[in-house]
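As stored in work_9.cif (mmCIF, C-alpha atoms (C1' of nucleotides)):
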data_structure
loop_
_atom_site.label_atom_id
_atom_site.label_comp_id
_atom_site.auth_asym_id
_atom_site.auth_seq_id
_atom_site.Cartn_x
_atom_site.Cartn_y
_atom_site.Cartn_z
CA MET A 20 -14.40 4.14 0.09
CA ARG A 21 -14.49 7.65 -1.30
CA ARG A 22 -17.84 6.91 -2.85
CA GLU A 23 -19.20 5.48 0.38
CA LEU A 24 -17.81 8.32 2.50
CA GLU A 25 -19.05 11.18 0.36
CA PRO A 26 -22.70 11.22 1.49
CA TRP A 27 -21.58 11.17 5.13
CA LEU A 28 -19.09 14.01 4.84
CA ALA A 29 -19.73 16.31 1.90
CA GLY A 30 -21.40 19.58 2.88
CA ARG A 31 -21.29 18.88 6.60
CA VAL A 32 -19.59 20.90 9.33
CA LEU A 33 -16.81 19.27 11.34
CA LYS A 34 -17.61 20.20 14.91
CA ARG A 35 -14.40 18.61 16.09
CA VAL A 36 -11.89 16.07 14.86
CA GLU A 37 -10.73 14.34 17.96
CA LEU A 38 -7.31 12.72 18.06
CA LEU A 39 -6.89 9.63 20.21
CA ALA A 40 -3.66 8.28 18.70
CA PRO A 41 -0.39 9.85 19.75
CA ALA A 42 0.15 12.92 17.56
CA GLY A 43 2.97 12.75 15.06
CA PRO A 44 3.55 13.07 11.35
CA LYS A 45 0.85 10.47 10.65
CA TYR A 46 -1.81 12.19 12.74
CA ALA A 47 -1.39 15.93 12.69
CA SER A 48 -3.15 19.29 12.99
CA LEU A 49 -6.61 17.81 13.37
CA GLU A 50 -7.64 20.68 15.65
CA ARG A 51 -7.53 22.96 12.60
CA ALA A 52 -10.57 21.20 11.16
CA ALA A 53 -12.92 22.36 13.90
CA GLY A 54 -15.70 24.58 12.56
CA GLN A 55 -14.82 24.05 8.90
CA SER A 56 -17.27 22.45 6.52
CA VAL A 57 -16.34 19.73 4.06
CA LEU A 58 -16.53 21.11 0.53
CA SER A 59 -16.19 17.79 -1.23
CA VAL A 60 -14.77 14.30 -0.83
CA GLY A 61 -12.14 13.51 -3.44
CA ARG A 62 -9.40 10.99 -3.95
CA ARG A 63 -5.90 10.81 -5.41
CA GLY A 64 -4.44 7.34 -5.58
CA LYS A 65 -5.05 5.76 -2.20
CA PHE A 66 -5.44 9.11 -0.43
CA ILE A 67 -8.85 10.56 0.43
CA LEU A 68 -8.68 14.35 0.02
CA ALA A 69 -11.43 16.52 1.45
CA PRO A 70 -11.03 20.28 0.95
CA LEU A 71 -12.40 22.31 3.87
CA SER A 72 -14.09 25.70 3.90
CA ALA A 73 -11.27 27.69 5.51
CA GLY A 74 -8.65 26.65 2.99
CA ASP A 75 -7.42 23.49 4.62
CA GLU A 76 -7.62 19.94 3.39
CA LEU A 77 -8.33 16.72 5.22
CA VAL A 78 -5.99 13.92 4.11
CA ILE A 79 -6.84 10.32 4.97
CA HIS A 80 -4.95 7.15 4.09
CA LEU A 81 -5.96 3.73 5.41
CA GLY A 82 -2.46 2.30 5.36
CA MET A 83 -2.60 -1.45 5.92
CA THR A 84 -5.20 -1.83 8.57
CA GLY A 85 -7.28 1.33 8.52
CA SER A 86 -11.05 1.52 8.26
CA ILE A 87 -13.78 4.09 8.75
CA SER A 88 -17.24 3.48 10.12
CA ALA A 89 -20.21 5.27 11.60
CA GLU A 90 -20.73 2.40 14.01
CA GLU A 91 -18.67 2.66 17.16
CA PRO A 92 -16.20 -0.23 17.25
CA THR A 93 -16.65 -2.52 20.23
CA GLY A 94 -14.57 -5.22 21.86
CA PRO A 95 -10.87 -5.42 21.10
CA ALA A 96 -11.35 -3.20 18.03
CA ALA A 97 -12.32 -0.28 20.27
CA GLN A 98 -8.74 0.31 21.39
CA HIS A 99 -7.64 0.90 17.80
CA VAL A 100 -9.87 3.90 17.23
CA ARG A 101 -7.40 6.69 16.53
CA VAL A 102 -9.69 9.51 15.40
CA ARG A 103 -13.29 10.46 16.10
CA VAL A 104 -14.93 12.90 13.68
CA HIS A 105 -17.83 14.81 15.26
CA LEU A 106 -20.24 16.18 12.68
CA ALA A 107 -23.06 18.71 12.74
CA GLY A 108 -26.24 18.39 10.68
CA LYS A 109 -27.95 15.47 9.07
CA GLY A 110 -26.27 12.08 8.97
CA PRO A 111 -24.10 10.09 11.37
CA GLU A 112 -23.00 12.21 14.34
CA THR A 113 -19.64 10.51 14.66
CA LEU A 114 -17.27 8.70 12.33
CA TYR A 115 -14.62 6.37 13.71
CA PHE A 116 -11.20 5.88 12.14
CA ARG A 117 -9.65 2.61 13.19
CA ASP A 118 -6.00 1.86 12.48
CA ALA A 119 -4.62 -1.12 14.39
CA ARG A 120 -1.03 -0.88 13.18
CA ARG A 121 -0.95 2.89 12.86
CA PHE A 122 0.27 2.74 9.27
CA GLY A 123 -2.57 5.04 8.26
CA ARG A 124 -2.60 8.84 7.99
CA PHE A 125 -5.19 11.32 9.15
CA LEU A 126 -4.14 14.94 8.96
CA VAL A 127 -5.15 18.44 8.07
CA VAL A 128 -2.87 20.51 5.81
CA PRO A 129 -3.27 23.81 3.99
CA ALA A 130 -4.99 22.77 0.73
CA GLY A 131 -2.53 21.33 -1.76
CA GLU A 132 0.49 21.65 0.53
CA TYR A 133 1.79 18.12 0.60
CA GLY A 134 5.33 18.76 1.74
CA SER A 135 4.93 16.33 4.61
CA LEU A 136 3.47 13.73 2.23
CA PRO A 137 6.10 13.21 -0.48
CA THR A 138 4.30 10.28 -2.08
CA LEU A 139 1.14 12.33 -2.48
CA ALA A 140 3.14 15.28 -3.78
CA ALA A 141 4.79 13.14 -6.45
CA LEU A 142 1.81 10.93 -7.22
CA GLY A 143 1.50 9.66 -10.78
CA PRO A 144 -1.58 10.09 -12.96
CA GLU A 145 -4.94 8.66 -12.02
CA PRO A 146 -5.50 5.26 -13.64
CA PHE A 147 -8.90 6.28 -15.02
CA ASP A 148 -7.87 9.69 -16.32
CA ASP A 149 -8.92 9.58 -19.99
CA SER A 150 -6.06 11.84 -20.98
CA PHE A 151 -3.53 9.41 -19.47
CA SER A 152 -2.41 7.39 -22.48
CA ALA A 153 -0.44 4.20 -22.87
CA ALA A 154 2.33 6.30 -24.43
CA ASP A 155 2.40 8.51 -21.31
CA PHE A 156 2.59 5.43 -19.11
CA ALA A 157 5.39 3.94 -21.20
CA ALA A 158 7.31 7.21 -20.97
CA ARG A 159 6.92 7.25 -17.20
CA LEU A 160 8.12 3.66 -16.87
CA GLY A 161 11.10 4.66 -18.98
CA ARG A 162 12.29 6.99 -16.22
CA SER A 163 13.44 4.23 -13.86
CA ARG A 164 15.72 1.22 -13.89
CA THR A 165 14.05 -0.19 -10.78
CA ALA A 166 12.10 -3.44 -11.02
CA VAL A 167 8.75 -2.59 -12.58
CA LYS A 168 6.84 -3.97 -9.61
CA THR A 169 8.81 -1.85 -7.15
CA TYR A 170 8.33 1.19 -9.34
CA LEU A 171 4.57 0.64 -9.50
CA LEU A 172 4.46 0.51 -5.70
CA SER A 173 6.25 3.87 -5.51
CA GLN A 174 3.04 5.44 -6.92
CA ARG A 175 5.10 7.51 -9.34
CA PRO A 176 4.31 5.98 -12.75
CA ILE A 177 0.61 5.64 -11.87
CA ALA A 178 -1.39 6.33 -8.72
CA GLY A 179 -3.19 3.82 -6.57
CA VAL A 180 -1.58 0.45 -7.35
CA GLY A 181 -0.62 -1.47 -4.22
CA ASN A 182 0.96 -4.86 -3.68
CA ILE A 183 -2.11 -6.95 -4.47
CA TYR A 184 -3.08 -5.17 -7.68
CA ALA A 185 0.53 -4.90 -8.87
CA ASP A 186 0.87 -8.69 -8.79
CA GLU A 187 -2.52 -9.19 -10.43
CA ALA A 188 -1.86 -6.69 -13.21
CA LEU A 189 1.67 -7.93 -13.96
CA TRP A 190 0.35 -11.47 -14.22
CA ARG A 191 -2.46 -10.40 -16.55
CA ALA A 192 -0.01 -8.47 -18.73
CA ARG A 193 2.52 -11.34 -18.59
CA ILE A 194 5.34 -9.16 -17.31
CA HIS A 195 7.95 -10.48 -14.89
CA PRO A 196 7.94 -8.33 -11.71
CA LEU A 197 11.73 -7.95 -11.77
CA THR A 198 11.81 -6.52 -15.29
CA SER A 199 13.53 -3.16 -15.18
CA ALA A 200 10.80 -0.51 -15.60
CA ARG A 201 12.64 1.05 -18.53
CA ASP A 202 12.80 -2.34 -20.27
CA VAL A 203 9.02 -2.64 -20.44
CA SER A 204 8.27 -2.15 -24.14
CA ARG A 205 5.67 0.32 -25.31
CA ALA A 206 3.42 -2.56 -26.28
CA LYS A 207 3.83 -4.19 -22.86
CA ALA A 208 3.26 -0.86 -21.11
CA ALA A 209 -0.04 -0.57 -22.98
CA GLU A 210 -1.00 -4.08 -21.86
CA LEU A 211 0.01 -3.28 -18.29
CA LEU A 212 -2.05 -0.08 -18.21
CA ALA A 213 -5.05 -1.97 -19.57
CA ALA A 214 -4.52 -4.71 -16.99
CA ILE A 215 -4.27 -2.18 -14.14
CA ARG A 216 -7.46 -0.48 -15.29
CA ALA A 217 -9.23 -3.82 -15.57
CA VAL A 218 -8.20 -5.18 -12.20
CA LEU A 219 -8.95 -1.91 -10.42
CA SER A 220 -12.38 -1.53 -11.98
CA GLU A 221 -13.24 -5.16 -11.24
CA SER A 222 -12.16 -4.75 -7.63
CA ILE A 223 -14.04 -1.48 -7.25
CA ALA A 224 -17.14 -3.18 -8.67
CA ALA A 225 -16.67 -5.93 -6.06
CA ASN A 226 -16.19 -3.31 -3.29
CA GLY A 227 -12.52 -3.98 -2.75
CA THR A 228 -10.33 -6.77 -1.41
CA THR A 229 -10.83 -7.90 2.17
CA ILE A 230 -8.15 -10.28 3.32
CA LYS A 231 -8.68 -9.59 6.97
CA ASP A 232 -8.73 -5.93 7.89
CA TYR A 233 -10.26 -3.97 5.04
CA ARG A 234 -13.89 -3.05 5.66
CA ARG A 235 -16.40 -0.97 3.79
CA VAL A 236 -17.82 1.92 5.78
CA ASP A 237 -20.83 -0.25 6.68
CA GLY A 238 -18.50 -2.89 8.11
CA GLU A 239 -19.06 -5.37 5.29
CA ALA A 240 -16.15 -7.15 3.61
CA GLY A 241 -15.19 -6.41 0.03
CA GLY A 242 -15.76 -9.22 -2.45
CA PHE A 243 -12.64 -9.19 -4.63
CA TYR A 244 -10.60 -11.59 -2.48
CA GLU A 245 -12.27 -14.61 -4.11
CA ARG A 246 -11.43 -13.18 -7.52
CA LEU A 247 -7.70 -12.81 -6.93
CA ALA A 248 -5.73 -14.78 -9.51
CA VAL A 249 -2.20 -14.56 -8.09
CA TYR A 250 -1.83 -12.64 -4.82
CA GLY A 251 -1.23 -15.11 -1.99
CA LYS A 252 -1.31 -18.06 -4.38
CA GLY A 253 2.34 -19.02 -4.50
CA GLY A 254 2.85 -22.76 -5.00
CA GLN A 255 -0.48 -23.10 -6.77
CA PRO A 256 -0.90 -23.78 -10.48
CA CYS A 257 -1.29 -20.85 -12.83
CA PRO A 258 -4.90 -20.79 -14.09
CA ARG A 259 -3.61 -19.98 -17.59
CA CYS A 260 -0.87 -22.54 -18.07
CA GLY A 261 -0.85 -24.83 -15.03
CA THR A 262 2.76 -24.04 -14.10
CA GLU A 263 3.38 -23.83 -10.37
CA ARG A 264 3.62 -20.20 -9.37
CA VAL A 265 6.51 -18.89 -7.33
CA ARG A 266 6.56 -16.66 -4.30
CA THR A 267 9.56 -14.34 -4.02
CA VAL A 268 10.37 -11.06 -2.33
CA VAL A 269 10.67 -7.99 -4.55
CA GLY A 270 11.46 -4.67 -2.90
CA GLN A 271 10.79 -6.21 0.52
CA ARG A 272 7.27 -7.18 -0.57
CA GLY A 273 5.82 -10.63 -1.00
CA THR A 274 5.41 -11.28 -4.70
CA VAL A 275 3.84 -14.12 -6.68
CA HIS A 276 4.33 -14.72 -10.36
CA CYS A 277 4.07 -17.49 -12.94
CA PRO A 278 7.55 -18.42 -14.18
CA HIS A 279 6.09 -19.62 -17.49
CA CYS A 280 3.72 -16.75 -18.33
CA GLN A 281 5.97 -14.05 -16.87
CA ARG A 282 9.37 -14.73 -18.35
CA SER A 283 12.53 -13.58 -16.63
CA PRO A 284 13.83 -10.24 -17.81
CA ARG A 285 16.57 -10.46 -20.41
CA ARG A 286 19.75 -8.60 -19.66
CA ARG A 287 20.06 -5.38 -21.57
CA ALA A 288 22.45 -5.61 -24.51
CA GLY A 289 22.73 -1.90 -25.22
CA PRO A 290 25.96 0.13 -25.27
CA ALA A 291 25.69 0.92 -21.59
CA ALA A 292 25.55 -2.77 -20.73
CA ARG A 293 28.54 -3.51 -22.98
CA ARG A 294 30.48 -0.79 -21.23
CA GLY A 295 29.72 -2.55 -18.00
CA SER A 296 28.36 0.56 -16.32
CA GLU A 297 25.22 -1.27 -15.40
CA ARG A 298 24.77 -4.56 -13.69
CA PRO A 299 22.45 -6.96 -15.47
CA VAL A 300 19.51 -7.90 -13.28
CA ARG A 301 19.85 -11.43 -12.07
CA PRO A 302 16.29 -12.72 -11.76
CA ARG A 303 15.59 -14.86 -8.73
CA THR A 304 13.06 -17.29 -10.00
"C1'" DC B 28 19.32 12.76 -7.74
"C1'" DG B 29 18.33 7.61 -8.04
"C1'" DC B 30 17.95 3.64 -5.82
"C1'" DA B 31 18.23 0.34 -1.84
"C1'" DT B 32 17.48 -0.40 2.81
"C1'" DT B 33 15.52 0.47 7.23
"C1'" DT B 34 11.89 2.05 10.16
"C1'" DC B 35 7.43 2.53 11.89
"C1'" DC B 36 3.66 -0.66 14.27
"C1'" DT B 37 0.92 -4.67 16.25
"C1'" DG B 38 -2.12 -8.89 15.59
"C1'" DG B 39 -1.47 -13.35 14.37
"C1'" DT B 40 0.93 -17.50 14.29
"C1'" DA B 41 4.72 -21.03 14.08
"C1'" DG B 42 7.72 -23.32 16.94
"C1'" DC B 43 9.25 -24.78 21.21
"C1'" DT C 20 -0.04 -22.95 28.50
"C1'" DG C 21 3.02 -19.43 27.78
"C1'" DC C 22 6.91 -17.73 25.84
"C1'" DT C 23 9.87 -15.94 21.88
"C1'" DA C 24 10.63 -14.92 17.09
"C1'" DC C 25 9.03 -13.59 13.04
"C1'" DC C 26 5.86 -12.12 9.36
"C1'" DA C 27 2.52 -8.96 6.91
"C1'" DG C 28 3.31 -4.09 4.14
"C1'" DG C 29 2.22 1.67 2.61
"C1'" DA C 30 4.85 5.25 2.95
"C1'" DA C 31 8.64 8.01 5.05
"C1'" DA C 32 13.25 8.34 6.55
"C1'" DT C 33 17.81 7.18 6.07
"C1'" DG C 34 21.96 5.59 3.77
"C1'" DC C 35 24.75 5.24 0.13
#

Take the structure in this file and express it as C-alpha cells.
Amino acid sequence: MRRELEPWLAGRVLKRVELLAPAGPKYASLERAAGQSVLSVGRRGKFILAPLSAGDELVIHLGMTGSISAEEPTGPAAQHVRVRVHLAGKGPETLYFRDARRFGRFLVVPAGEYGSLPTLAALGPEPFDDSFSAADFAARLGRSRTAVKTYLLSQRPIAGVGNIYADEALWRARIHPLTSARDVSRAKAAELLAAIRAVLSESIAANGTTIKDYRRVDGEAGGFYERLAVYGKGGQPCPRCGTERVRTVVGQRGTVHCPHCQRSPRRRAGPAARRGSERPVRPRT
DNA sequence: CGCATTTCCTGGTAGC
DNA sequence: TGCTACCAGGAAATGC
C-alpha cells in the first residue's frame, strides 16, 4: 500500500484533510495538515508515515477494514468514508479513506511524537532491515514469557506481523503458537525470522491478502488469500503431514496450527519452575 | 513493569 | 421475514 500510495502523495500539497468520522484518538488533528506538502511516504510496521513540510507527520493505519482509493466509493460503501484528502497539483484530486469498523487510524502528529500511539512508539525492528539479525530476534523473544504468537502480535519483537502472517510463519517454522516466547530456541528464532520474511515477501509480491475488506488503492483484491497455508483452515489436513489442523483461541485471536508439525510446548524445567514461581503453560490442543 | 482482559466498532451470519 | 446473539480482530485502555 505504501508503494501504491507514494506516487499519489509524495511531493504534493494537502489542500485540506477533511474529517467525516467523529473526531477522537483514532482520527485527530487533521486540520493541521492543510497547506503542508508531503515530503515522502514511508512505513513502519503496519503504519503509513508521511512527514509533512511544516514538521508534522501524517499517520495512517488501516486497522481491520480500512482502505484508500482515488475512486469515490459508491453505494453502501459511501457511508464508511471517514476522511477525504484534497490534493493540489498533478494526480488524483481526492483520496478517500474508508474504514467500516473504525478500527483504523488517520491522524496528524508532530513528527516522531508517538505518545498517543504506544504500539508505534514501541515498534520492533523492520522485518527486512538487513541489520536485524536472527540473534537480535532471539534476544527480543527472550524478553517475554507470553505465548510467542501473542508476543508477535504485540509488534514488539518485530514490526508488521498480524494474525494471518503470525499463523503462517509459525506453521512454516514448526513452532507451537502457545510456546512461551522466551522458550523459542535461537535456532527456532532464526527459522521463525526466515519464515516471517518469506511469508511477508510472498504476500507483498502477491499484493496482499484480501479475505473480504482489504483492497489495493485501485480497488483490486490482493492475491495471497489463495496461497494461505493455515489461516482459516482449521479442521483441514496439514499440507505437510496430513494431520487435521486445530483451531483454537490464543490471546483472544483465532489461531490455527498443526498439532503434529507444531508440537506442544514443553514445560520449563529450570530452577524457577522447580521453585514453583512460574506456572507451566498448559497447552490447549 | 509485565501480562491478561476488556473495549472499541459494525457487517455478516447462524439460529430461531 | 425479521429478530437477537454472536463473531471477526489491531491497537489502546484498563485491571491486576

Quiz item: Mind listing as a PyMOL selection string which residues of chain A are within 12 Å of chain B, counting all atoms listed in the file?
Solution: chain A and resi 43-45+82-84+95-96+99+118-123+162-166+169-170+173+231-232+269-271

Quick one: contact table of chain C to chain A, 12 Å max, nearest atom pair and distance in Å to one decimal per residue, counting only C-alpha atoms (C1' of nucleotides), chain and number order, as a Markdown table?
| residue | atom | partner | partner_atom | distance |
| --- | --- | --- | --- | --- |
| C:DC26 | C1' | A:Gly273 | CA | 10.5 |
| C:DA27 | C1' | A:Gly273 | CA | 8.7 |
| C:DG28 | C1' | A:Met83 | CA | 6.7 |
| C:DG29 | C1' | A:Gly82 | CA | 5.5 |
| C:DA30 | C1' | A:Thr138 | CA | 7.1 |
| C:DA31 | C1' | A:Pro137 | CA | 8.0 |
| C:DA32 | C1' | A:Pro137 | CA | 11.1 |

Quiz item: In Å, with one decimal, what is the gap from CA of Ala52 in chain A to CA of Lys109 in chain A?
Solution: 18.4 Å

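Taking CA of Ala140 in chain A and CA of Leu39 in chain A as endpoints, the distance between them is 26.6 Å.
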
Self-check item: 12 Å contact set for Arg259 in chain A, only C-alpha atoms (C1' of nucleotides), chain neighbours under 3 positions out, as a PyMOL selection string
Solution: chain A and resi 190-191+193+248-249+255-256+262-264+276-281

Take the residues from that selection and write them out as a tab-separated table (two decimals), keeping the file's coordinate frame, keeping C-alpha atoms.
chain	number	residue	atom	x	y	z
A	190	TRP	CA	0.35	-11.47	-14.22
A	191	ARG	CA	-2.46	-10.40	-16.55
A	193	ARG	CA	2.52	-11.34	-18.59
A	248	ALA	CA	-5.73	-14.78	-9.51
A	249	VAL	CA	-2.20	-14.56	-8.09
A	255	GLN	CA	-0.48	-23.10	-6.77
A	256	PRO	CA	-0.90	-23.78	-10.48
A	262	THR	CA	2.76	-24.04	-14.10
A	263	GLU	CA	3.38	-23.83	-10.37
A	264	ARG	CA	3.62	-20.20	-9.37
A	276	HIS	CA	4.33	-14.72	-10.36
A	277	CYS	CA	4.07	-17.49	-12.94
A	278	PRO	CA	7.55	-18.42	-14.18
A	279	HIS	CA	6.09	-19.62	-17.49
A	280	CYS	CA	3.72	-16.75	-18.33
A	281	GLN	CA	5.97	-14.05	-16.87

Practice problem: Run through the PyMOL selection byres ((chain A and resi 201-210) around 12) on the given coordinates and return the selected residues as a count of residues only. | Solution: 52

Quick one: 8 Å padding each side, axis-aligned, all listed atoms of range 22-34 of chain C - centre and edge lengths in Å to one decimal, as AutoDock Vina command-line options?
--center_x 12.1 --center_y -4.7 --center_z 14.2 --size_x 35.7 --size_y 42.1 --size_z 39.2

Practice problem: Measure the distance from CA of Val100 in chain A to CA of Gly85 in chain A in Å and round it to one decimal. | Solution: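 Atom-to-atom, CA of Val100 in chain A to CA of Gly85 in chain A, that is 9.4 Å.
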
Quiz item: In terms of the shortest atom-to-atom distance over all atoms listed in the file, which of A:Glu187, A:Glu221, A:Glu245, A:Glu25 is closest to Val275 in chain A?
Solution: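 Nearest to Val275 in chain A: A:Glu187.
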
As an mmCIF file, in the coordinates of the input, the rebuilt range 73-83 of chain A with all heavy atoms:
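So rebuild-v5.cif came out as:
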data_model
loop_
_atom_site.group_PDB
_atom_site.id
_atom_site.type_symbol
_atom_site.label_atom_id
_atom_site.label_comp_id
_atom_site.auth_asym_id
_atom_site.auth_seq_id
_atom_site.Cartn_x
_atom_site.Cartn_y
_atom_site.Cartn_z
ATOM 1 N N ALA A 73 -12.193 26.603 5.165
ATOM 2 C CA ALA A 73 -11.270 27.690 5.510
ATOM 3 C C ALA A 73 -9.911 27.504 4.851
ATOM 4 O O ALA A 73 -8.908 28.038 5.326
ATOM 5 C CB ALA A 73 -11.123 27.796 7.036
ATOM 6 N N GLY A 74 -9.889 26.750 3.752
ATOM 7 C CA GLY A 74 -8.650 26.650 2.990
ATOM 8 C C GLY A 74 -7.751 25.487 3.354
ATOM 9 O O GLY A 74 -6.671 25.341 2.801
ATOM 10 N N ASP A 75 -8.199 24.668 4.279
ATOM 11 C CA ASP A 75 -7.420 23.490 4.620
ATOM 12 C C ASP A 75 -7.919 22.275 3.850
ATOM 13 O O ASP A 75 -8.887 22.363 3.094
ATOM 14 C CB ASP A 75 -7.502 23.213 6.137
ATOM 15 C CG ASP A 75 -6.670 24.202 6.935
ATOM 16 O OD1 ASP A 75 -5.658 24.693 6.393
ATOM 17 O OD2 ASP A 75 -7.044 24.494 8.079
ATOM 18 N N GLU A 76 -7.251 21.172 4.064
ATOM 19 C CA GLU A 76 -7.620 19.940 3.390
ATOM 20 C C GLU A 76 -7.419 18.781 4.345
ATOM 21 O O GLU A 76 -6.381 18.671 4.993
ATOM 22 C CB GLU A 76 -6.749 19.779 2.134
ATOM 23 C CG GLU A 76 -7.246 18.765 1.155
ATOM 24 C CD GLU A 76 -6.478 18.848 -0.180
ATOM 25 O OE1 GLU A 76 -5.551 19.667 -0.290
ATOM 26 O OE2 GLU A 76 -6.827 18.076 -1.078
ATOM 27 N N LEU A 77 -8.422 17.924 4.407
ATOM 28 C CA LEU A 77 -8.330 16.720 5.220
ATOM 29 C C LEU A 77 -7.720 15.615 4.354
ATOM 30 O O LEU A 77 -8.198 15.373 3.243
ATOM 31 C CB LEU A 77 -9.739 16.330 5.682
ATOM 32 C CG LEU A 77 -9.913 15.198 6.681
ATOM 33 C CD1 LEU A 77 -9.166 15.472 7.967
ATOM 34 C CD2 LEU A 77 -11.403 15.011 6.961
ATOM 35 N N VAL A 78 -6.662 14.992 4.847
ATOM 36 C CA VAL A 78 -5.990 13.920 4.110
ATOM 37 C C VAL A 78 -6.106 12.628 4.913
ATOM 38 O O VAL A 78 -5.711 12.590 6.080
ATOM 39 C CB VAL A 78 -4.496 14.248 3.870
ATOM 40 C CG1 VAL A 78 -3.810 13.120 3.108
ATOM 41 C CG2 VAL A 78 -4.341 15.576 3.141
ATOM 42 N N ILE A 79 -6.669 11.605 4.281
ATOM 43 C CA ILE A 79 -6.840 10.320 4.970
ATOM 44 C C ILE A 79 -6.242 9.211 4.124
ATOM 45 O O ILE A 79 -6.457 9.152 2.919
ATOM 46 C CB ILE A 79 -8.340 9.995 5.215
ATOM 47 C CG1 ILE A 79 -9.039 11.141 5.943
ATOM 48 C CG2 ILE A 79 -8.492 8.692 5.983
ATOM 49 C CD1 ILE A 79 -10.560 10.984 6.012
ATOM 50 N N HIS A 80 -5.477 8.345 4.767
ATOM 51 C CA HIS A 80 -4.950 7.150 4.090
ATOM 52 C C HIS A 80 -5.152 5.983 5.048
ATOM 53 O O HIS A 80 -4.841 6.088 6.233
ATOM 54 C CB HIS A 80 -3.463 7.344 3.770
ATOM 55 C CG HIS A 80 -2.920 6.338 2.794
ATOM 56 N ND1 HIS A 80 -2.890 4.994 3.054
ATOM 57 C CD2 HIS A 80 -2.397 6.491 1.551
ATOM 58 C CE1 HIS A 80 -2.363 4.364 2.008
ATOM 59 N NE2 HIS A 80 -2.044 5.246 1.085
ATOM 60 N N LEU A 81 -5.660 4.867 4.534
ATOM 61 C CA LEU A 81 -5.960 3.730 5.410
ATOM 62 C C LEU A 81 -4.718 2.946 5.807
ATOM 63 O O LEU A 81 -4.784 2.167 6.753
ATOM 64 C CB LEU A 81 -6.941 2.778 4.731
ATOM 65 C CG LEU A 81 -8.344 3.309 4.448
ATOM 66 C CD1 LEU A 81 -9.190 2.197 3.847
ATOM 67 C CD2 LEU A 81 -9.003 3.856 5.698
ATOM 68 N N GLY A 82 -3.614 3.142 5.068
ATOM 69 C CA GLY A 82 -2.460 2.300 5.360
ATOM 70 C C GLY A 82 -2.848 0.849 5.186
ATOM 71 O O GLY A 82 -3.599 0.497 4.287
ATOM 72 N N MET A 83 -2.317 -0.012 6.035
ATOM 73 C CA MET A 83 -2.600 -1.450 5.920
ATOM 74 C C MET A 83 -3.894 -1.841 6.573
ATOM 75 O O MET A 83 -4.625 -2.688 6.077
ATOM 76 C CB MET A 83 -1.486 -2.209 6.644
ATOM 77 C CG MET A 83 -0.165 -2.107 5.980
ATOM 78 S SD MET A 83 -0.047 -3.332 4.760
ATOM 79 C CE MET A 83 -0.446 -4.772 5.740
#
